[in-house]
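> Got a structure for you, entry.cif, holding mmCIF, C-alpha atoms and all ligand atoms.
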data_work
loop_
_atom_site.label_atom_id
_atom_site.label_comp_id
_atom_site.auth_asym_id
_atom_site.auth_seq_id
_atom_site.Cartn_x
_atom_site.Cartn_y
_atom_site.Cartn_z
CA MET A 18 25.52 342.54 87.01
CA PRO A 19 25.71 346.25 87.79
CA PHE A 20 24.11 348.56 85.25
CA ASN A 21 25.07 352.21 84.75
CA ALA A 22 25.47 354.61 81.83
CA ALA A 23 29.01 353.31 81.20
CA THR A 24 27.76 349.77 80.66
CA LEU A 25 25.77 351.03 77.64
CA ALA A 26 29.00 351.81 75.73
CA LEU A 27 28.96 348.86 73.35
CA TYR A 28 25.65 347.13 73.64
CA LEU A 29 25.28 343.94 71.59
CA VAL A 30 21.72 342.99 70.66
CA VAL A 31 21.78 339.22 70.16
CA ASP A 32 19.21 338.47 67.46
CA PRO A 33 19.64 334.86 66.27
CA ASP A 34 17.56 335.62 63.17
CA SER A 35 20.22 338.14 62.09
CA ALA A 36 23.31 336.06 62.88
CA VAL A 37 25.58 334.12 60.54
CA GLY A 38 27.41 332.04 63.13
CA ASP A 39 26.80 330.41 66.49
CA VAL A 40 25.29 333.18 68.61
CA LEU A 41 26.75 331.95 71.90
CA GLU A 42 30.26 331.77 70.48
CA THR A 43 29.81 335.16 68.81
CA THR A 44 28.57 336.68 72.06
CA ARG A 45 31.51 335.19 73.96
CA GLU A 46 33.93 336.74 71.46
CA ALA A 47 32.14 340.08 71.57
CA LEU A 48 32.32 340.15 75.39
CA GLU A 49 36.02 339.34 75.24
CA HIS A 50 36.65 342.18 72.76
CA GLY A 51 34.78 345.04 74.35
CA ALA A 52 31.02 344.47 74.40
CA THR A 53 29.72 345.91 77.68
CA MET A 54 26.06 344.82 77.74
CA ILE A 55 23.91 342.17 76.07
CA GLN A 56 20.27 342.11 75.02
CA LEU A 57 18.52 338.97 73.79
CA ARG A 58 16.03 339.82 71.05
CA TRP A 59 14.44 336.85 69.32
CA LYS A 60 11.14 337.65 67.64
CA THR A 61 10.55 334.31 65.89
CA ALA A 62 11.30 331.88 68.72
CA THR A 63 9.08 329.97 71.10
CA ASP A 64 9.15 330.85 74.79
CA ARG A 65 11.10 327.63 75.44
CA GLU A 66 13.71 328.59 72.87
CA ILE A 67 14.07 332.11 74.29
CA VAL A 68 14.43 330.76 77.82
CA GLY A 69 17.00 328.17 76.70
CA LEU A 70 19.23 330.76 75.03
CA ALA A 71 18.67 333.33 77.77
CA GLU A 72 19.88 330.88 80.41
CA ARG A 73 23.10 330.32 78.50
CA LEU A 74 23.58 334.04 77.93
CA ARG A 75 23.03 334.57 81.65
CA VAL A 76 25.99 332.31 82.44
CA LEU A 77 28.22 334.05 79.86
CA THR A 78 27.30 337.57 80.92
CA SER A 79 27.66 336.79 84.62
CA ASP A 80 31.14 335.39 83.98
CA GLN A 81 32.08 338.62 82.16
CA GLY A 82 30.30 341.01 84.55
CA ALA A 83 28.02 342.37 81.80
CA PRO A 84 24.32 343.19 82.26
CA LEU A 85 21.81 341.04 80.37
CA VAL A 86 18.38 342.31 79.36
CA ILE A 87 15.62 340.53 77.46
CA ASN A 88 13.70 342.24 74.67
CA ASP A 89 9.93 342.55 75.15
CA ARG A 90 9.55 339.84 77.80
CA THR A 91 9.53 340.90 81.45
CA ASP A 92 8.30 337.43 82.44
CA ILE A 93 11.23 335.66 80.79
CA ALA A 94 13.70 338.24 82.14
CA LEU A 95 12.53 337.49 85.68
CA ALA A 96 12.37 333.74 85.08
CA VAL A 97 16.03 333.49 83.99
CA GLY A 98 17.45 336.04 86.44
CA ALA A 99 18.31 338.60 83.77
CA ASP A 100 19.13 342.14 84.93
CA GLY A 101 16.21 343.68 83.10
CA VAL A 102 13.98 344.07 80.09
CA HIS A 103 13.89 346.27 76.99
CA LEU A 104 10.42 347.57 76.13
CA GLY A 105 8.92 349.23 73.08
CA VAL A 106 5.87 351.45 72.94
CA ASP A 107 3.54 348.48 72.35
CA ASP A 108 4.98 346.32 75.13
CA LEU A 109 4.14 346.15 78.82
CA PRO A 110 4.03 349.72 80.20
CA ILE A 111 7.20 350.67 82.09
CA ALA A 112 5.35 351.07 85.40
CA ARG A 113 3.94 347.54 85.12
CA ALA A 114 7.39 346.10 84.44
CA ARG A 115 8.72 348.08 87.42
CA SER A 116 6.02 346.62 89.68
CA LEU A 117 7.03 343.13 88.60
CA GLY A 118 10.81 343.62 88.63
CA GLY A 119 11.27 345.97 91.56
CA LEU A 120 13.71 348.82 92.06
CA GLY A 121 16.95 347.26 90.84
CA PHE A 122 15.41 345.84 87.66
CA VAL A 123 16.85 347.55 84.57
CA ILE A 124 14.22 348.88 82.18
CA GLY A 125 15.25 350.04 78.74
CA TYR A 126 12.72 351.77 76.51
CA SER A 127 12.51 352.66 72.83
CA PRO A 128 10.36 355.82 72.55
CA GLU A 129 9.10 356.83 69.12
CA THR A 130 7.89 360.37 69.69
CA ASP A 131 9.20 363.46 71.44
CA SER A 132 6.58 363.19 74.14
CA GLN A 133 7.44 359.53 74.78
CA ILE A 134 11.07 360.56 75.22
CA GLN A 135 10.07 363.32 77.64
CA THR A 136 7.81 361.16 79.83
CA ALA A 137 10.22 358.21 80.01
CA THR A 138 11.96 359.54 83.12
CA SER A 139 8.80 359.86 85.18
CA ASP A 140 7.58 356.56 83.76
CA GLY A 141 10.67 355.01 85.36
CA ALA A 142 12.90 353.97 82.46
CA ASP A 143 16.62 353.50 83.21
CA TYR A 144 17.91 354.16 79.69
CA LEU A 145 16.54 354.83 76.20
CA GLY A 146 17.28 353.38 72.78
CA ILE A 147 16.84 355.99 70.05
CA GLY A 148 17.00 355.16 66.36
CA PRO A 149 17.41 354.18 63.68
CA PHE A 150 20.57 356.26 63.73
CA ALA A 151 21.48 355.10 60.21
CA THR A 152 19.88 352.87 57.59
CA THR A 153 19.17 349.35 58.82
CA THR A 154 17.70 346.23 57.26
CA THR A 155 17.67 344.28 60.54
CA LYS A 156 14.37 345.73 61.78
CA GLN A 157 11.84 345.98 58.96
CA ASP A 158 9.65 348.65 60.58
CA ALA A 159 12.50 350.74 61.99
CA GLY A 160 11.62 353.72 59.80
CA THR A 161 13.98 356.06 57.99
CA ALA A 162 17.37 356.92 59.40
CA LEU A 163 17.38 359.83 61.86
CA GLY A 164 20.93 360.93 61.10
CA ALA A 165 23.15 362.67 63.63
CA PRO A 166 21.35 366.05 63.84
CA GLU A 167 17.90 364.54 64.51
CA PHE A 168 19.37 361.93 66.87
CA SER A 169 21.08 364.73 68.76
CA ARG A 170 17.86 366.77 68.98
CA ARG A 171 15.90 363.81 70.37
CA ARG A 172 18.70 362.86 72.71
CA SER A 173 18.67 366.36 74.19
CA LEU A 174 14.99 365.94 75.22
CA THR A 175 16.01 363.60 78.06
CA GLU A 176 18.52 363.35 80.87
CA LEU A 177 18.39 359.57 80.76
CA PRO A 178 21.35 357.71 79.28
CA VAL A 179 20.75 356.96 75.61
CA VAL A 180 22.05 354.35 73.19
CA ALA A 181 22.00 354.97 69.45
CA ILE A 182 20.67 351.98 67.51
CA GLY A 183 20.24 351.10 63.86
CA GLY A 184 22.94 350.78 61.21
CA ILE A 185 25.78 351.30 63.66
CA THR A 186 29.20 350.17 62.41
CA ALA A 187 32.83 350.99 63.20
CA SER A 188 32.50 353.80 60.61
CA ASN A 189 29.72 355.76 62.35
CA ALA A 190 29.97 354.75 66.04
CA ALA A 191 32.10 357.81 66.81
CA GLU A 192 29.55 360.06 65.07
CA ALA A 193 26.81 358.64 67.33
CA ILE A 194 28.88 359.29 70.45
CA ALA A 195 29.66 362.82 69.22
CA ALA A 196 25.90 363.34 68.74
CA GLY A 197 25.38 362.66 72.44
CA ALA A 198 24.93 358.90 72.71
CA HIS A 199 26.27 357.23 75.85
CA GLY A 200 26.72 354.11 73.80
CA VAL A 201 25.83 352.27 70.62
CA ALA A 202 23.61 349.21 70.20
CA VAL A 203 24.68 346.87 67.44
CA VAL A 204 23.21 343.83 65.72
CA SER A 205 24.47 343.02 62.24
CA ALA A 206 27.90 344.71 62.32
CA ILE A 207 28.87 342.08 64.92
CA LEU A 208 26.48 339.15 64.38
CA ARG A 209 26.95 339.08 60.62
CA SER A 210 30.70 339.58 60.72
CA ALA A 211 33.00 336.70 59.81
CA GLU A 212 35.26 337.96 62.62
CA PRO A 213 32.94 339.15 65.40
CA GLY A 214 35.74 339.69 67.92
CA HIS A 215 37.62 341.90 65.50
CA ALA A 216 34.42 343.75 64.53
CA THR A 217 33.65 344.40 68.20
CA ALA A 218 37.19 345.63 68.91
CA GLU A 219 36.98 348.07 65.97
CA ILE A 220 33.73 349.58 67.24
CA ALA A 221 35.09 349.74 70.81
CA GLU A 222 38.19 351.56 69.56
CA ALA A 223 36.08 354.05 67.56
CA ILE A 224 34.08 354.84 70.71
CA ARG A 225 37.19 355.13 72.88
CA ALA A 226 38.91 357.48 70.42
CA GLN A 227 35.85 359.77 70.28
CA ARG A 228 35.58 360.16 74.09
N1 LIG A 301 15.70 348.88 66.74
C1 LIG A 301 15.87 349.96 65.99
S1 LIG A 301 16.92 349.67 64.70
C2 LIG A 301 17.13 348.05 65.17
C3 LIG A 301 16.39 347.80 66.30
C4 LIG A 301 16.31 346.51 67.01
C5 LIG A 301 17.99 347.09 64.43
C6 LIG A 301 19.44 347.37 64.56
O1 LIG A 301 20.17 346.41 63.84
P1 LIG A 301 21.50 346.76 63.04
O2 LIG A 301 21.81 345.49 62.30
O3 LIG A 301 22.56 347.09 64.05
O4 LIG A 301 21.17 347.90 62.12
MG MG A 302 9.42 345.33 71.97
#
What would the structure in this file look like if it were written as C-alpha cells?

Amino acid sequence: MPFNAATLALYLVVDPDSAVGDVLETTREALEHGATMIQLRWKTATDREIVGLAERLRVLTSDQGAPLVINDRTDIALAVGADGVHLGVDDLPIARARSLGGLGFVIGYSPETDSQIQTATSDGADYLGIGPFATTTTKQDAGTALGAPEFSRRRSLTELPVVAIGGITASNAAEAIAAGAHGVAVVSAILRSAEPGHATAEIAEAIRAQR
C-alpha cells in the first residue's frame, strides 16, 4: 500500500501483549474509524506466531489501503509481503534493511539521540518515531516523557516525517501535531479501549481539528 507522510496521521501499533480484546477485530475497527497505518509489534511471540498474525493483518490492511510495517523484523516483513519494517537503534542497521528490502521498502526508525536523528536521512530512513511524547507504561524502557517543547526541538533536527509516540490519547494528539508531528502512533489508547472504533475516531477528530 502506498506510504507517504499523510499515511502516518493515525498510526496504530498493534501489540497483542497490550490489548484487551481480539487484536484483529480491534484493528479492523480502527481502520474503519480513521487509522491510516498499522505496525505489528509483538515482543513475546514466536516467529510462527508473528508470521501468523502478520499474514492476517496484511489481508486487512490491503483491503483498507493502509501500509503495514513489522517491528524489528525485516525478514518477517519481507516474508509476509509487508510494506516495511520499523527499526530501533539496536536492530538491523537501516542500510542493511534497505539492501534486503530495496527502494520501495518503507523503513521507520526510532532514534534516541540528536545525532541519530540527524543521520537518519542519509542512513535512508523514510520516517522517524520520536518519543515518549507523554508518560507511557506500554514500553518499560521508554524513558521519561519528552513533553511538547523537547519533542518539537528534536523534530526540528530532521526533515523526515515524524510520528509522536508514547502516551498519546485523544487529549494530547492535537498537542503533538501542533509540536510538529506529522502523525501520532498509538498503542493502549486504542488497544485497551472498550470501544476501539470510538477511541480511534476521537483521536482522528483531534488531529483533523488541529490541522
Ligand atoms: N515506543 C516508544 S513509547 C512506546 C513505544 C513502542 C509505547 C507506546 O504505547 P502507548 O500505550 O501508546 O503509550
Ligand atoms: Mg526494535
> Between A:Ile194, A:Ile147, A:Ala137, A:Ala226, which has the minimum distance to A:Ala112 (counting only C-alpha atoms)?
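Going through A:Ile194, A:Ile147, A:Ala137, A:Ala226 one by one, the smallest distance to A:Ala112 is for A:Ala137.
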> Name the residues, by chain letter and number, that sit within 7 Å of ligand MG 302 (chain A) using all atoms listed in the file, and give them as a VMD selection string.
chain A and resid 88 to 89 103 to 105 107 to 108
> Can you measure atom CA of A:Asp92 to atom CA of A:Gln56 for me? One decimal in Å is fine.
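Atom-to-atom, atom CA of A:Asp92 to atom CA of A:Gln56, that is 14.8 Å.
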> Within 10 Å of ligand LIG 301 (chain A), counting only C-alpha atoms and all ligand atoms: which residues, as a PyMOL selection string?
chain A and resi 29-32+35-36+56+58+88+105+127+146-162+181-186+201-209
> Hey, what's within 8 Å of A:Tyr144 if we count all atoms listed in the file and toss same-chain stuff fewer than 3 positions away? As a list in words, please?
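Final neighbour list, sorted by chain and number: Ala22, Ile124, Gly125, Tyr126, Leu177, Pro178, Val179 and Val180 of chain A.
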> From the options A:Val37, A:Ala187, A:Met18, A:Val97, which residue's atoms come nearest to A:Ala221, counting only C-alpha atoms?
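Among A:Val37, A:Ala187, A:Met18, A:Val97, it is A:Ala187 that comes nearest to A:Ala221.
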> Out of A:Leu163, A:Val68, A:Leu95, A:Ala211, which residue has the shortest atom-to-atom distance to A:Ser116 when counting all atoms listed in the file?
A:Leu95
> Atom CA of A:Ile111 and atom CA of A:Gly141 are how many Å apart?
6.4 Å
> For atom CA of A:Ser132 and atom CA of A:Arg171, quote the distance in Å rounded to one decimal.
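Result for atom CA of A:Ser132 versus atom CA of A:Arg171: 10.1 Å, one decimal.
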> Env of A:Ala165: 8 Å cut, atoms = all atoms listed in the file, seq-sep filter 5 positions within chain, self excluded. Answer as a ChimeraX atom specification.
/A:150,192-193,196
> Which is closer to A:Ala47 than all the others in A:Thr138, A:Thr91, A:Ser188, A:Gln81, using only C-alpha atoms?
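With only C-alpha atoms as the atom set, the closest residue is A:Gln81.
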> Applying 6 Å and all atoms listed in the file, which residues near A:Thr53 remain after dropping the ones on its own chain fewer than 5 positions away? List them as a ChimeraX atom specification.
/A:24,27-28,83
> Need to verify the contact set: A:Ala191, 6 Å, all atoms listed in the file, exclusion of same-chain residues closer than 3 positions in sequence. Can you return it as an NGL selection string?
:A and (194 or 223-224 or 227)
> Using all atoms listed in the file, which residue out of A:Pro110, A:Pro166, A:Gly101, A:Gly121 lies closest to A:Gln133?
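Result for the nearest residue to A:Gln133: A:Pro110.
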> Need the shell around A:Asp131: protein/DNA/RNA residues with any atom at most 10 Å away, counting all atoms listed in the file. Skip same-chain ones fewer than 6 positions apart. Format as a list in words?
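Contacts, in chain order: Arg170, Arg171, Arg172, Leu174 and Thr175 of chain A.
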> Which of these residues is nearest to A:Trp59, using all atoms listed in the file: A:Pro33, A:Pro19, A:Pro213, A:Gly98?
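Smallest separation from A:Trp59 among the options: A:Pro33.
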> Just stretch 120-162 of chain A, please, as a PDB file, in the first residue's frame (only N, CA and C atoms).

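This is the output file part_5.pdb:
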ATOM      1  N   LEU A 120      14.325  -0.359  -2.837  1.00  0.00           N
ATOM      2  CA  LEU A 120      13.979   1.066  -2.807  1.00  0.00           C
ATOM      3  C   LEU A 120      12.590   1.379  -2.265  1.00  0.00           C
ATOM      4  N   GLY A 121      11.591   0.590  -2.619  1.00  0.00           N
ATOM      5  CA  GLY A 121      10.228   0.917  -2.203  1.00  0.00           C
ATOM      6  C   GLY A 121       9.884   0.467  -0.791  1.00  0.00           C
ATOM      7  N   PHE A 122      10.779  -0.253  -0.163  1.00  0.00           N
ATOM      8  CA  PHE A 122      10.551  -0.793   1.184  1.00  0.00           C
ATOM      9  C   PHE A 122      10.534   0.372   2.177  1.00  0.00           C
ATOM     10  N   VAL A 123       9.514   0.419   3.025  1.00  0.00           N
ATOM     11  CA  VAL A 123       9.375   1.507   3.992  1.00  0.00           C
ATOM     12  C   VAL A 123      10.205   1.172   5.236  1.00  0.00           C
ATOM     13  N   ILE A 124      11.067   2.108   5.621  1.00  0.00           N
ATOM     14  CA  ILE A 124      11.879   1.887   6.822  1.00  0.00           C
ATOM     15  C   ILE A 124      11.626   3.010   7.821  1.00  0.00           C
ATOM     16  N   GLY A 125      10.987   2.624   8.926  1.00  0.00           N
ATOM     17  CA  GLY A 125      10.803   3.544  10.039  1.00  0.00           C
ATOM     18  C   GLY A 125      11.921   3.328  11.048  1.00  0.00           C
ATOM     19  N   TYR A 126      12.237   4.372  11.795  1.00  0.00           N
ATOM     20  CA  TYR A 126      13.385   4.320  12.701  1.00  0.00           C
ATOM     21  C   TYR A 126      13.062   5.118  13.952  1.00  0.00           C
ATOM     22  N   SER A 127      13.487   4.582  15.092  1.00  0.00           N
ATOM     23  CA  SER A 127      13.303   5.279  16.366  1.00  0.00           C
ATOM     24  C   SER A 127      14.653   5.716  16.928  1.00  0.00           C
ATOM     25  N   PRO A 128      15.129   6.909  16.560  1.00  0.00           N
ATOM     26  CA  PRO A 128      16.412   7.407  17.057  1.00  0.00           C
ATOM     27  C   PRO A 128      16.290   7.824  18.521  1.00  0.00           C
ATOM     28  N   GLU A 129      17.394   7.716  19.247  1.00  0.00           N
ATOM     29  CA  GLU A 129      17.365   8.064  20.674  1.00  0.00           C
ATOM     30  C   GLU A 129      18.200   9.282  21.011  1.00  0.00           C
ATOM     31  N   THR A 130      19.073   9.685  20.094  1.00  0.00           N
ATOM     32  CA  THR A 130      19.914  10.853  20.358  1.00  0.00           C
ATOM     33  C   THR A 130      19.770  11.863  19.216  1.00  0.00           C
ATOM     34  N   ASP A 131      20.239  13.078  19.481  1.00  0.00           N
ATOM     35  CA  ASP A 131      20.191  14.104  18.438  1.00  0.00           C
ATOM     36  C   ASP A 131      20.955  13.652  17.201  1.00  0.00           C
ATOM     37  N   SER A 132      22.125  13.056  17.421  1.00  0.00           N
ATOM     38  CA  SER A 132      22.927  12.707  16.244  1.00  0.00           C
ATOM     39  C   SER A 132      22.281  11.561  15.458  1.00  0.00           C
ATOM     40  N   GLN A 133      21.593  10.661  16.152  1.00  0.00           N
ATOM     41  CA  GLN A 133      20.856   9.607  15.423  1.00  0.00           C
ATOM     42  C   GLN A 133      19.701  10.207  14.613  1.00  0.00           C
ATOM     43  N   ILE A 134      19.074  11.235  15.135  1.00  0.00           N
ATOM     44  CA  ILE A 134      18.018  11.909  14.359  1.00  0.00           C
ATOM     45  C   ILE A 134      18.631  12.539  13.107  1.00  0.00           C
ATOM     46  N   GLN A 135      19.787  13.183  13.293  1.00  0.00           N
ATOM     47  CA  GLN A 135      20.390  13.934  12.185  1.00  0.00           C
ATOM     48  C   GLN A 135      20.951  13.041  11.083  1.00  0.00           C
ATOM     49  N   THR A 136      21.412  11.837  11.440  1.00  0.00           N
ATOM     50  CA  THR A 136      21.984  10.962  10.403  1.00  0.00           C
ATOM     51  C   THR A 136      20.943  10.036   9.760  1.00  0.00           C
ATOM     52  N   ALA A 137      19.728  10.064  10.281  1.00  0.00           N
ATOM     53  CA  ALA A 137      18.703   9.127   9.773  1.00  0.00           C
ATOM     54  C   ALA A 137      18.395   9.342   8.295  1.00  0.00           C
ATOM     55  N   THR A 138      18.456  10.566   7.825  1.00  0.00           N
ATOM     56  CA  THR A 138      18.148  10.835   6.414  1.00  0.00           C
ATOM     57  C   THR A 138      19.182  10.186   5.508  1.00  0.00           C
ATOM     58  N   SER A 139      20.460  10.423   5.804  1.00  0.00           N
ATOM     59  CA  SER A 139      21.491   9.825   4.945  1.00  0.00           C
ATOM     60  C   SER A 139      21.571   8.309   5.148  1.00  0.00           C
ATOM     61  N   ASP A 140      21.164   7.841   6.318  1.00  0.00           N
ATOM     62  CA  ASP A 140      21.104   6.389   6.534  1.00  0.00           C
ATOM     63  C   ASP A 140      20.014   5.746   5.652  1.00  0.00           C
ATOM     64  N   GLY A 141      18.999   6.543   5.294  1.00  0.00           N
ATOM     65  CA  GLY A 141      17.974   6.028   4.386  1.00  0.00           C
ATOM     66  C   GLY A 141      16.627   5.744   5.012  1.00  0.00           C
ATOM     67  N   ALA A 142      16.373   6.283   6.219  1.00  0.00           N
ATOM     68  CA  ALA A 142      15.058   6.084   6.839  1.00  0.00           C
ATOM     69  C   ALA A 142      13.989   6.853   6.068  1.00  0.00           C
ATOM     70  N   ASP A 143      12.753   6.336   6.105  1.00  0.00           N
ATOM     71  CA  ASP A 143      11.630   7.005   5.437  1.00  0.00           C
ATOM     72  C   ASP A 143      10.824   7.871   6.390  1.00  0.00           C
ATOM     73  N   TYR A 144      10.801   7.484   7.669  1.00  0.00           N
ATOM     74  CA  TYR A 144      10.117   8.298   8.673  1.00  0.00           C
ATOM     75  C   TYR A 144      10.731   7.955  10.024  1.00  0.00           C
ATOM     76  N   LEU A 145      10.503   8.835  11.009  1.00  0.00           N
ATOM     77  CA  LEU A 145      11.027   8.609  12.357  1.00  0.00           C
ATOM     78  C   LEU A 145       9.886   8.527  13.368  1.00  0.00           C
ATOM     79  N   GLY A 146      10.089   7.720  14.406  1.00  0.00           N
ATOM     80  CA  GLY A 146       9.231   7.742  15.577  1.00  0.00           C
ATOM     81  C   GLY A 146      10.016   8.398  16.697  1.00  0.00           C
ATOM     82  N   ILE A 147       9.467   9.452  17.288  1.00  0.00           N
ATOM     83  CA  ILE A 147      10.162  10.153  18.368  1.00  0.00           C
ATOM     84  C   ILE A 147       9.273  10.155  19.607  1.00  0.00           C
ATOM     85  N   GLY A 148       9.859   9.726  20.748  1.00  0.00           N
ATOM     86  CA  GLY A 148       9.087   9.655  21.968  1.00  0.00           C
ATOM     87  C   GLY A 148       9.952   9.229  23.145  1.00  0.00           C
ATOM     88  N   PRO A 149       9.327   8.996  24.298  1.00  0.00           N
ATOM     89  CA  PRO A 149       7.887   9.066  24.524  1.00  0.00           C
ATOM     90  C   PRO A 149       7.402  10.511  24.645  1.00  0.00           C
ATOM     91  N   PHE A 150       6.367  10.825  23.893  1.00  0.00           N
ATOM     92  CA  PHE A 150       5.816  12.178  23.932  1.00  0.00           C
ATOM     93  C   PHE A 150       5.262  12.471  25.326  1.00  0.00           C
ATOM     94  N   ALA A 151       4.522  11.517  25.873  1.00  0.00           N
ATOM     95  CA  ALA A 151       3.949  11.645  27.223  1.00  0.00           C
ATOM     96  C   ALA A 151       4.252  10.357  27.983  1.00  0.00           C
ATOM     97  N   THR A 152       3.836  10.305  29.231  1.00  0.00           N
ATOM     98  CA  THR A 152       4.122   9.134  30.059  1.00  0.00           C
ATOM     99  C   THR A 152       3.436   7.890  29.494  1.00  0.00           C
ATOM    100  N   THR A 153       4.186   6.804  29.427  1.00  0.00           N
ATOM    101  CA  THR A 153       3.633   5.539  28.939  1.00  0.00           C
ATOM    102  C   THR A 153       4.038   4.402  29.860  1.00  0.00           C
ATOM    103  N   THR A 154       3.161   3.420  29.987  1.00  0.00           N
ATOM    104  CA  THR A 154       3.516   2.193  30.702  1.00  0.00           C
ATOM    105  C   THR A 154       3.607   1.021  29.730  1.00  0.00           C
ATOM    106  N   THR A 155       3.369   1.282  28.457  1.00  0.00           N
ATOM    107  CA  THR A 155       3.357   0.194  27.463  1.00  0.00           C
ATOM    108  C   THR A 155       4.763  -0.307  27.163  1.00  0.00           C
ATOM    109  N   LYS A 156       5.721   0.605  27.095  1.00  0.00           N
ATOM    110  CA  LYS A 156       7.116   0.216  26.841  1.00  0.00           C
ATOM    111  C   LYS A 156       7.917   0.539  28.092  1.00  0.00           C
ATOM    112  N   GLN A 157       8.410  -0.525  28.748  1.00  0.00           N
ATOM    113  CA  GLN A 157       9.035  -0.343  30.065  1.00  0.00           C
ATOM    114  C   GLN A 157      10.266   0.564  30.017  1.00  0.00           C
ATOM    115  N   ASP A 158      11.064   0.442  28.959  1.00  0.00           N
ATOM    116  CA  ASP A 158      12.316   1.203  28.885  1.00  0.00           C
ATOM    117  C   ASP A 158      12.186   2.446  28.008  1.00  0.00           C
ATOM    118  N   ALA A 159      10.978   2.981  27.912  1.00  0.00           N
ATOM    119  CA  ALA A 159      10.758   4.131  27.015  1.00  0.00           C
ATOM    120  C   ALA A 159      11.448   5.403  27.516  1.00  0.00           C
ATOM    121  N   GLY A 160      11.718   5.476  28.818  1.00  0.00           N
ATOM    122  CA  GLY A 160      12.324   6.686  29.362  1.00  0.00           C
ATOM    123  C   GLY A 160      11.263   7.681  29.783  1.00  0.00           C
ATOM    124  N   THR A 161      11.730   8.846  30.265  1.00  0.00           N
ATOM    125  CA  THR A 161      10.762   9.838  30.745  1.00  0.00           C
ATOM    126  C   THR A 161      10.164  10.613  29.573  1.00  0.00           C
ATOM    127  N   ALA A 162       8.974  11.116  29.821  1.00  0.00           N
ATOM    128  CA  ALA A 162       8.244  11.829  28.768  1.00  0.00           C
ATOM    129  C   ALA A 162       9.037  13.036  28.272  1.00  0.00           C
TER     130      ALA A 162
END
